[in-house]
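Colleague: If you scroll down you'll find the structure; I have some questions about it.
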Amino acid sequence: MKQPRILVIQDISTSCRISMNVAVPILSCLENWVSILPTALLSTHTGKGFEGYTFLDLSAEIPVILNHWSSLGIKFDGIVIGYLSSVEQIRLMKNIITQFTTEEALIVLDPVMGDHGNLYPGFSSEHVKAMRELCQFADVLIPNVTEACLLTGTTYPKKPHTKKTIDPIISKLNKQNKQSIVLSGVTGTDKQVGTAFITKGSLEICYAFSQVHPGHFDGVGDLFTSVIAGFLFQQQSLRRANEVAVNYISKVVKRTIDDQIDPLYGIAFEKDLMYLMEELKKETL
């Protein structure tokens with residue numbers, strides 16, 4: 001197959017293993033040709049442990065870049081959209097999707113808005129409304145449980161999650177958007193974490209779990225989305241993508257713990273990239 005030309009749209013946290021810093025190597029090792037469109041430039045991520053970080057909104061630069069790309073006739077076979085810093089950036093994504101993609105392009109959207117039942121600081125109901133509209137332009141949605149609840153107006157369910165609480169959320173989101181959906185951060189039991197997913201055109205909600213590891217690990221969602229997208233761009237099934245992504249996340253979190261690496265700056269994901277490459281080859285031989 002032709003090597004897919006992929007565009008990654010999200011922020012760059014310059015010193016951390018999250019966002020663009022993990023998306024590019026993962027998508028590249030999965031045999032995709034990667035281009036980037038940064039939405040913001042930060043000195044670190046904005047999670048616990050960092051104060052006084054710098055933040056540069058790149059909204060003004062995006063149209064300038066797009067104008068040059070337009071003059072070159074650049075088109076992408078797939079787009080991965082992550083963190084968008086403003087409602088204006090969300091609205092801009094619609095134009096990018098319609099103007100800079102091939103006819104068969106696959107659009108993967110991680111609607112970054114919140115976690116643990118709450119919106120991230122600085123986001124509002126207007127942000128949620130704009131994200132709902134953007135979801136209509138995506139082929140694959142990868143929200144966490146909080147974001148799925150925000151998109152569907154559903155009360156955040158208590159943990160551990162059950163089919164009784166998760167199935168209605170993913171079904172409602174599927175009914176709203178009628179595309180493939182992957183719900184990340186689903187807790188099966190106190191010892192399990194993984195995903196619930198449904199493929200476009202199917203009524204079956206499937207689950208994939210791996211072992212829970214103690215601690216908080218920023219960047220897990222970025223890693224997960226990148227693996228799912230990378231496999232889908234290589235024409236792998238959604239089931240296969242979820243199985244590999246869940247196992248990969250478990251591997252890299254365990255490695256981070258075992259090697260006593262401070263997770264403040266993200267997860268030690270690099271040494272297990274070979275696992276992803278080997279899993280891709282299993283399906284393409």
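Within each chain, counting starts at residue 1; across the structure tokens, chains are named A, B, ... in the order shown, with ligands numbered 1 upward in that order.
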From a DSSP calculation on the backbone, collect every residue of segment 159-191 of chain A in strand (DSSP E or B) and output the set as an MDAnalysis selection string.

Modeller: chainID A and resid 180:187

Colleague: Print the selection's residues with N, CA, C and O atoms to a file, as a PDB file, in the first residue's frame.

Modeller:
```pdb
ATOM      1  N   SER A 180     -16.957   5.435  14.110  1.00  0.00           N
ATOM      2  CA  SER A 180     -16.254   4.566  15.056  1.00  0.00           C
ATOM      3  C   SER A 180     -15.878   5.373  16.291  1.00  0.00           C
ATOM      4  O   SER A 180     -15.462   6.535  16.187  1.00  0.00           O
ATOM      5  N   ILE A 181     -16.028   4.751  17.457  1.00  0.00           N
ATOM      6  CA  ILE A 181     -15.761   5.447  18.719  1.00  0.00           C
ATOM      7  C   ILE A 181     -14.922   4.556  19.617  1.00  0.00           C
ATOM      8  O   ILE A 181     -15.186   3.351  19.749  1.00  0.00           O
ATOM      9  N   VAL A 182     -13.905   5.144  20.226  1.00  0.00           N
ATOM     10  CA  VAL A 182     -13.073   4.460  21.205  1.00  0.00           C
ATOM     11  C   VAL A 182     -13.127   5.273  22.491  1.00  0.00           C
ATOM     12  O   VAL A 182     -12.751   6.447  22.507  1.00  0.00           O
ATOM     13  N   LEU A 183     -13.610   4.653  23.547  1.00  0.00           N
ATOM     14  CA  LEU A 183     -13.722   5.312  24.842  1.00  0.00           C
ATOM     15  C   LEU A 183     -12.547   4.856  25.701  1.00  0.00           C
ATOM     16  O   LEU A 183     -12.450   3.683  26.062  1.00  0.00           O
ATOM     17  N   SER A 184     -11.632   5.778  26.015  1.00  0.00           N
ATOM     18  CA  SER A 184     -10.439   5.413  26.772  1.00  0.00           C
ATOM     19  C   SER A 184     -10.644   5.634  28.267  1.00  0.00           C
ATOM     20  O   SER A 184     -11.578   6.331  28.688  1.00  0.00           O
ATOM     21  N   GLY A 185      -9.766   5.035  29.064  1.00  0.00           N
ATOM     22  CA  GLY A 185      -9.823   5.227  30.514  1.00  0.00           C
ATOM     23  C   GLY A 185     -10.967   4.511  31.193  1.00  0.00           C
ATOM     24  O   GLY A 185     -11.429   4.930  32.264  1.00  0.00           O
ATOM     25  N   VAL A 186     -11.435   3.419  30.594  1.00  0.00           N
ATOM     26  CA  VAL A 186     -12.513   2.630  31.190  1.00  0.00           C
ATOM     27  C   VAL A 186     -11.913   1.673  32.219  1.00  0.00           C
ATOM     28  O   VAL A 186     -11.000   0.905  31.913  1.00  0.00           O
ATOM     29  N   THR A 187     -12.410   1.709  33.447  1.00  0.00           N
ATOM     30  CA  THR A 187     -11.917   0.803  34.481  1.00  0.00           C
ATOM     31  C   THR A 187     -12.860  -0.384  34.608  1.00  0.00           C
ATOM     32  O   THR A 187     -14.038  -0.218  34.933  1.00  0.00           O
TER      33      THR A 187
END
```

Colleague: Which polymer residues have any atom within 7 Å of an atom of Ala138 of chain A, counting only C-alpha atoms, with same-chain residues fewer than 5 positions away left out, as a PDB file with all heavy atoms, in the first residue's frame?

Modeller:
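Heads up, here's the output in out14.pdb:
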```pdb
ATOM      1  N   ILE A 107     -10.114  10.764   9.442  1.00  0.00           N
ATOM      2  CA  ILE A 107      -9.965  11.834  10.422  1.00  0.00           C
ATOM      3  C   ILE A 107     -10.166  11.260  11.819  1.00  0.00           C
ATOM      4  O   ILE A 107     -11.241  10.743  12.134  1.00  0.00           O
ATOM      5  CB  ILE A 107     -10.984  12.968  10.188  1.00  0.00           C
ATOM      6  CG1 ILE A 107     -10.986  13.393   8.714  1.00  0.00           C
ATOM      7  CG2 ILE A 107     -10.690  14.133  11.116  1.00  0.00           C
ATOM      8  CD1 ILE A 107      -9.656  13.848   8.187  1.00  0.00           C
ATOM      9  N   VAL A 108      -9.129  11.350  12.639  1.00  0.00           N
ATOM     10  CA  VAL A 108      -9.164  10.835  14.006  1.00  0.00           C
ATOM     11  C   VAL A 108      -9.138  12.025  14.961  1.00  0.00           C
ATOM     12  O   VAL A 108      -8.228  12.850  14.917  1.00  0.00           O
ATOM     13  CB  VAL A 108      -7.962   9.907  14.283  1.00  0.00           C
ATOM     14  CG1 VAL A 108      -8.006   9.402  15.728  1.00  0.00           C
ATOM     15  CG2 VAL A 108      -7.954   8.731  13.305  1.00  0.00           C
ATOM     16  N   LEU A 109     -10.132  12.093  15.838  1.00  0.00           N
ATOM     17  CA  LEU A 109     -10.259  13.223  16.753  1.00  0.00           C
ATOM     18  C   LEU A 109     -10.235  12.764  18.205  1.00  0.00           C
ATOM     19  O   LEU A 109     -11.052  11.942  18.627  1.00  0.00           O
ATOM     20  CB  LEU A 109     -11.572  13.976  16.479  1.00  0.00           C
ATOM     21  CG  LEU A 109     -11.959  15.072  17.480  1.00  0.00           C
ATOM     22  CD1 LEU A 109     -10.919  16.186  17.497  1.00  0.00           C
ATOM     23  CD2 LEU A 109     -13.344  15.636  17.136  1.00  0.00           C
TER      24      LEU A 109
END
```

Colleague: So that I can see what lies close to segment 119-124 of chain A, please list as a PDB file with N, CA and C atoms, in the first residue's frame the residues with an atom at most 9 Å from it, counting only C-alpha atoms and leaving out residues fewer than 4 positions away in the same chain.

Modeller:
```
ATOM      1  N   SER A  85      -6.475  24.848  21.670  1.00  0.00           N
ATOM      2  CA  SER A  85      -6.457  25.773  22.806  1.00  0.00           C
ATOM      3  C   SER A  85      -7.645  26.717  22.871  1.00  0.00           C
ATOM      4  N   SER A  86      -8.440  26.812  21.812  1.00  0.00           N
ATOM      5  CA  SER A  86      -9.528  27.795  21.796  1.00  0.00           C
ATOM      6  C   SER A  86     -10.659  27.345  20.884  1.00  0.00           C
ATOM      7  N   VAL A 112      -9.972  16.662  23.308  1.00  0.00           N
ATOM      8  CA  VAL A 112      -9.353  16.986  24.604  1.00  0.00           C
ATOM      9  C   VAL A 112     -10.099  18.131  25.279  1.00  0.00           C
ATOM     10  N   MET A 113     -10.718  17.824  26.428  1.00  0.00           N
ATOM     11  CA  MET A 113     -11.478  18.850  27.154  1.00  0.00           C
ATOM     12  C   MET A 113     -11.403  18.691  28.670  1.00  0.00           C
ATOM     13  N   GLY A 114     -11.180  17.467  29.160  1.00  0.00           N
ATOM     14  CA  GLY A 114     -11.220  17.283  30.601  1.00  0.00           C
ATOM     15  C   GLY A 114     -10.885  15.864  31.017  1.00  0.00           C
ATOM     16  N   ASP A 115     -10.941  15.630  32.322  1.00  0.00           N
ATOM     17  CA  ASP A 115     -10.651  14.302  32.881  1.00  0.00           C
ATOM     18  C   ASP A 115     -11.202  14.245  34.305  1.00  0.00           C
ATOM     19  N   VAL A 128     -17.172  23.078  24.691  1.00  0.00           N
ATOM     20  CA  VAL A 128     -17.835  21.785  24.527  1.00  0.00           C
ATOM     21  C   VAL A 128     -18.770  21.814  23.319  1.00  0.00           C
ATOM     22  N   LYS A 129     -19.528  22.888  23.174  1.00  0.00           N
ATOM     23  CA  LYS A 129     -20.446  23.017  22.044  1.00  0.00           C
ATOM     24  C   LYS A 129     -19.697  22.987  20.722  1.00  0.00           C
ATOM     25  N   THR A 146     -14.716  11.143  30.691  1.00  0.00           N
ATOM     26  CA  THR A 146     -15.167  12.507  31.003  1.00  0.00           C
ATOM     27  C   THR A 146     -15.618  13.228  29.745  1.00  0.00           C
ATOM     28  N   GLU A 147     -14.810  13.172  28.704  1.00  0.00           N
ATOM     29  CA  GLU A 147     -15.110  13.887  27.464  1.00  0.00           C
ATOM     30  C   GLU A 147     -16.339  13.326  26.774  1.00  0.00           C
ATOM     31  N   LEU A 150     -19.247  14.783  28.594  1.00  0.00           N
ATOM     32  CA  LEU A 150     -19.441  16.177  28.222  1.00  0.00           C
ATOM     33  C   LEU A 150     -20.108  16.291  26.846  1.00  0.00           C
TER      34      LEU A 150
END
```

Colleague: Neighbouring residues of Glu88 of chain A were defined as those with any atom within 10 Å, considering only C-alpha atoms; residues of the same chain fewer than 6 positions away were excluded. Please report them as JSON, numbers by chain.

Modeller: {"A": [59, 127, 130]}

Colleague: Quick one, how far is atom CA of His116 of chain A from atom CA of Arg239 of chain A?

Modeller: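 About the pair atom CA of His116 of chain A and atom CA of Arg239 of chain A: they are 25.4 Å apart.
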
Colleague: Could you pull the residues within 12 Å of Thr154 of chain A, counting only C-alpha atoms, minus those fewer than 5 positions along the same chain, as a list in words?

Modeller: Gly117, Val145, Thr146, Glu147, Ala148, Cys149, Thr165, Ile166, Pro168, Ile169, Ile170, Ser171, Lys172 and Leu173 of chain A

Colleague: To one decimal in Å, tell me the separation between atom CA of Trp33 of chain A and atom CA of Thr101 of chain A.

Modeller: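 According to the coordinates, atom CA of Trp33 of chain A and atom CA of Thr101 of chain A are separated by 14.1 Å.
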
Colleague: With only C-alpha atoms as the atoms that count, which of A:Thr54, A:Asn118, A:Gln3, A:Gln136 lies nearest to Lys94 of chain A?

Modeller: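 Comparing A:Thr54, A:Asn118, A:Gln3, A:Gln136 against Lys94 of chain A, the winner is A:Gln136.
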
Colleague: Write out as an mmCIF file with N, CA and C atoms, in the first residue's frame which residues come within 9 Å of Phe269 of chain A when counting only C-alpha atoms, dropping same-chain ones fewer than 2 positions away.

Modeller:
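Generated file (result39.cif):
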```
data_model
loop_
_atom_site.group_PDB
_atom_site.id
_atom_site.type_symbol
_atom_site.label_atom_id
_atom_site.label_comp_id
_atom_site.auth_asym_id
_atom_site.auth_seq_id
_atom_site.Cartn_x
_atom_site.Cartn_y
_atom_site.Cartn_z
ATOM 1 N N ARG A 17 7.350 14.151 27.544
ATOM 2 C CA ARG A 17 6.973 13.057 26.659
ATOM 3 C C ARG A 17 5.451 12.994 26.550
ATOM 4 N N VAL A 22 5.195 12.609 21.482
ATOM 5 C CA VAL A 22 4.992 11.156 21.399
ATOM 6 C C VAL A 22 4.263 10.771 20.118
ATOM 7 N N LEU A 223 -0.357 8.920 23.986
ATOM 8 C CA LEU A 223 0.232 7.669 23.499
ATOM 9 C C LEU A 223 -0.841 6.760 22.916
ATOM 10 N N TYR A 248 0.317 -1.983 24.817
ATOM 11 C CA TYR A 248 1.475 -1.101 24.743
ATOM 12 C C TYR A 248 1.507 -0.135 25.930
ATOM 13 N N ILE A 249 0.371 0.453 26.250
ATOM 14 C CA ILE A 249 0.308 1.377 27.379
ATOM 15 C C ILE A 249 0.698 0.669 28.670
ATOM 16 N N LYS A 251 2.675 -1.882 28.965
ATOM 17 C CA LYS A 251 4.115 -2.137 28.901
ATOM 18 C C LYS A 251 4.934 -0.906 29.289
ATOM 19 N N VAL A 252 4.593 0.238 28.712
ATOM 20 C CA VAL A 252 5.425 1.426 28.938
ATOM 21 C C VAL A 252 5.230 2.013 30.330
ATOM 22 N N VAL A 253 4.028 1.877 30.874
ATOM 23 C CA VAL A 253 3.820 2.323 32.251
ATOM 24 C C VAL A 253 4.604 1.434 33.215
ATOM 25 N N ARG A 255 7.295 -0.251 32.524
ATOM 26 C CA ARG A 255 8.722 0.054 32.348
ATOM 27 C C ARG A 255 9.103 1.328 33.105
ATOM 28 N N THR A 256 8.244 2.328 33.040
ATOM 29 C CA THR A 256 8.503 3.578 33.747
ATOM 30 C C THR A 256 8.630 3.336 35.252
ATOM 31 N N GLY A 266 6.516 12.597 31.768
ATOM 32 C CA GLY A 266 5.907 11.662 30.832
ATOM 33 C C GLY A 266 6.441 10.254 30.996
ATOM 34 N N ILE A 267 5.962 9.375 30.134
ATOM 35 C CA ILE A 267 6.237 7.951 30.250
ATOM 36 C C ILE A 267 7.385 7.538 29.339
ATOM 37 N N LYS A 271 11.569 2.663 24.383
ATOM 38 C CA LYS A 271 12.180 1.341 24.288
ATOM 39 C C LYS A 271 11.203 0.264 23.814
ATOM 40 N N ASP A 272 9.921 0.565 23.838
ATOM 41 C CA ASP A 272 8.925 -0.420 23.404
ATOM 42 C C ASP A 272 8.295 -0.075 22.052
ATOM 43 N N LEU A 273 8.890 0.853 21.332
ATOM 44 C CA LEU A 273 8.402 1.132 19.985
ATOM 45 C C LEU A 273 8.547 -0.087 19.074
#
```

Colleague: Would you list the contacts of Val244 of chain A as a ChimeraX atom specification, taking every protein, DNA or RNA residue within 8 Å and counting only C-alpha atoms, but skipping same-chain residues closer than 2 positions in sequence?

Modeller: /A:227,240-242,246-248,276,279

Colleague: Kindly save the residues from that selection, with C-alpha atoms included, as a tab-separated table (two decimals), in the first residue's frame.

Modeller:
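Once everything was written out, this is part21.tsv:
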```tsv
chain	number	residue	atom	x	y	z
A	227	VAL	CA	-1.21	4.01	18.53
A	240	ARG	CA	-6.67	-4.93	16.52
A	241	ALA	CA	-5.71	-1.29	17.14
A	242	ASN	CA	-7.32	-1.33	20.59
A	246	VAL	CA	-3.94	-1.25	25.55
A	247	ASN	CA	-1.07	-3.73	25.79
A	248	TYR	CA	1.48	-1.10	24.74
A	276	LEU	CA	4.45	-1.72	17.94
A	279	GLU	CA	2.68	-6.11	16.01
```

Colleague: For Glu126 of chain A, which residue out of A:Val8, A:Ile90, A:Val220, A:Met1 is the nearest one, using only C-alpha atoms?

Modeller: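 The answer is A:Ile90, which sits nearest to Glu126 of chain A.
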
Colleague: Could you pull out the helix (DSSP H, G or I) residues of segment 8-96 of chain A from DSSP and send them as number ranges by chain?

Modeller: A: 20-29, 62-72, 87-96

Colleague: Considering only C-alpha atoms, can you say which of A:Gln192, A:Gln235, A:Thr46, A:Ser70 comes closest to Ala105 of chain A?

Modeller: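 Selected residue with least distance to Ala105 of chain A: A:Gln235.
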
Colleague: Given only C-alpha atoms as the basis, pick out the residue of A:Ala60, A:Val193, A:Leu106, A:Ala229 nearest to Ala208 of chain A.

Modeller: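 Closest candidate: A:Val193.
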
Colleague: Residues of segment 135-245 of chain A within 10 Å of segment 74-80 of chain A: nearest atom pair and distance (Å, one decimal) for each, counting only C-alpha atoms, sorted by chain and number, as CSV?

Modeller:
```
residue,atom,partner,partner_atom,distance
A:Ala138,CA,A:Ile79,CA,9.3
A:Val140,CA,A:Val80,CA,9.6
A:Thr225,CA,A:Val80,CA,8.4
A:Ser226,CA,A:Val80,CA,8.0
A:Ala229,CA,A:Val80,CA,7.1
A:Gly230,CA,A:Val80,CA,9.3
A:Leu232,CA,A:Gly78,CA,9.5
A:Phe233,CA,A:Gly78,CA,6.9
```

Colleague: Just checking: using only C-alpha atoms, which residue out of A:Leu92, A:Cys29, A:Ile81, A:Cys135 ends up closest to Thr152 of chain A?

Modeller: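 Closest to Thr152 of chain A of all the choices is A:Cys135.
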
Colleague: Name the closest residue to Ile9 of chain A among the candidates A:Asn67, A:Gln89, A:Ser28, A:Thr102; distances are taken between atoms, counting only C-alpha atoms.

Modeller: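 For Ile9 of chain A, the nearest of the given residues is A:Gln89.
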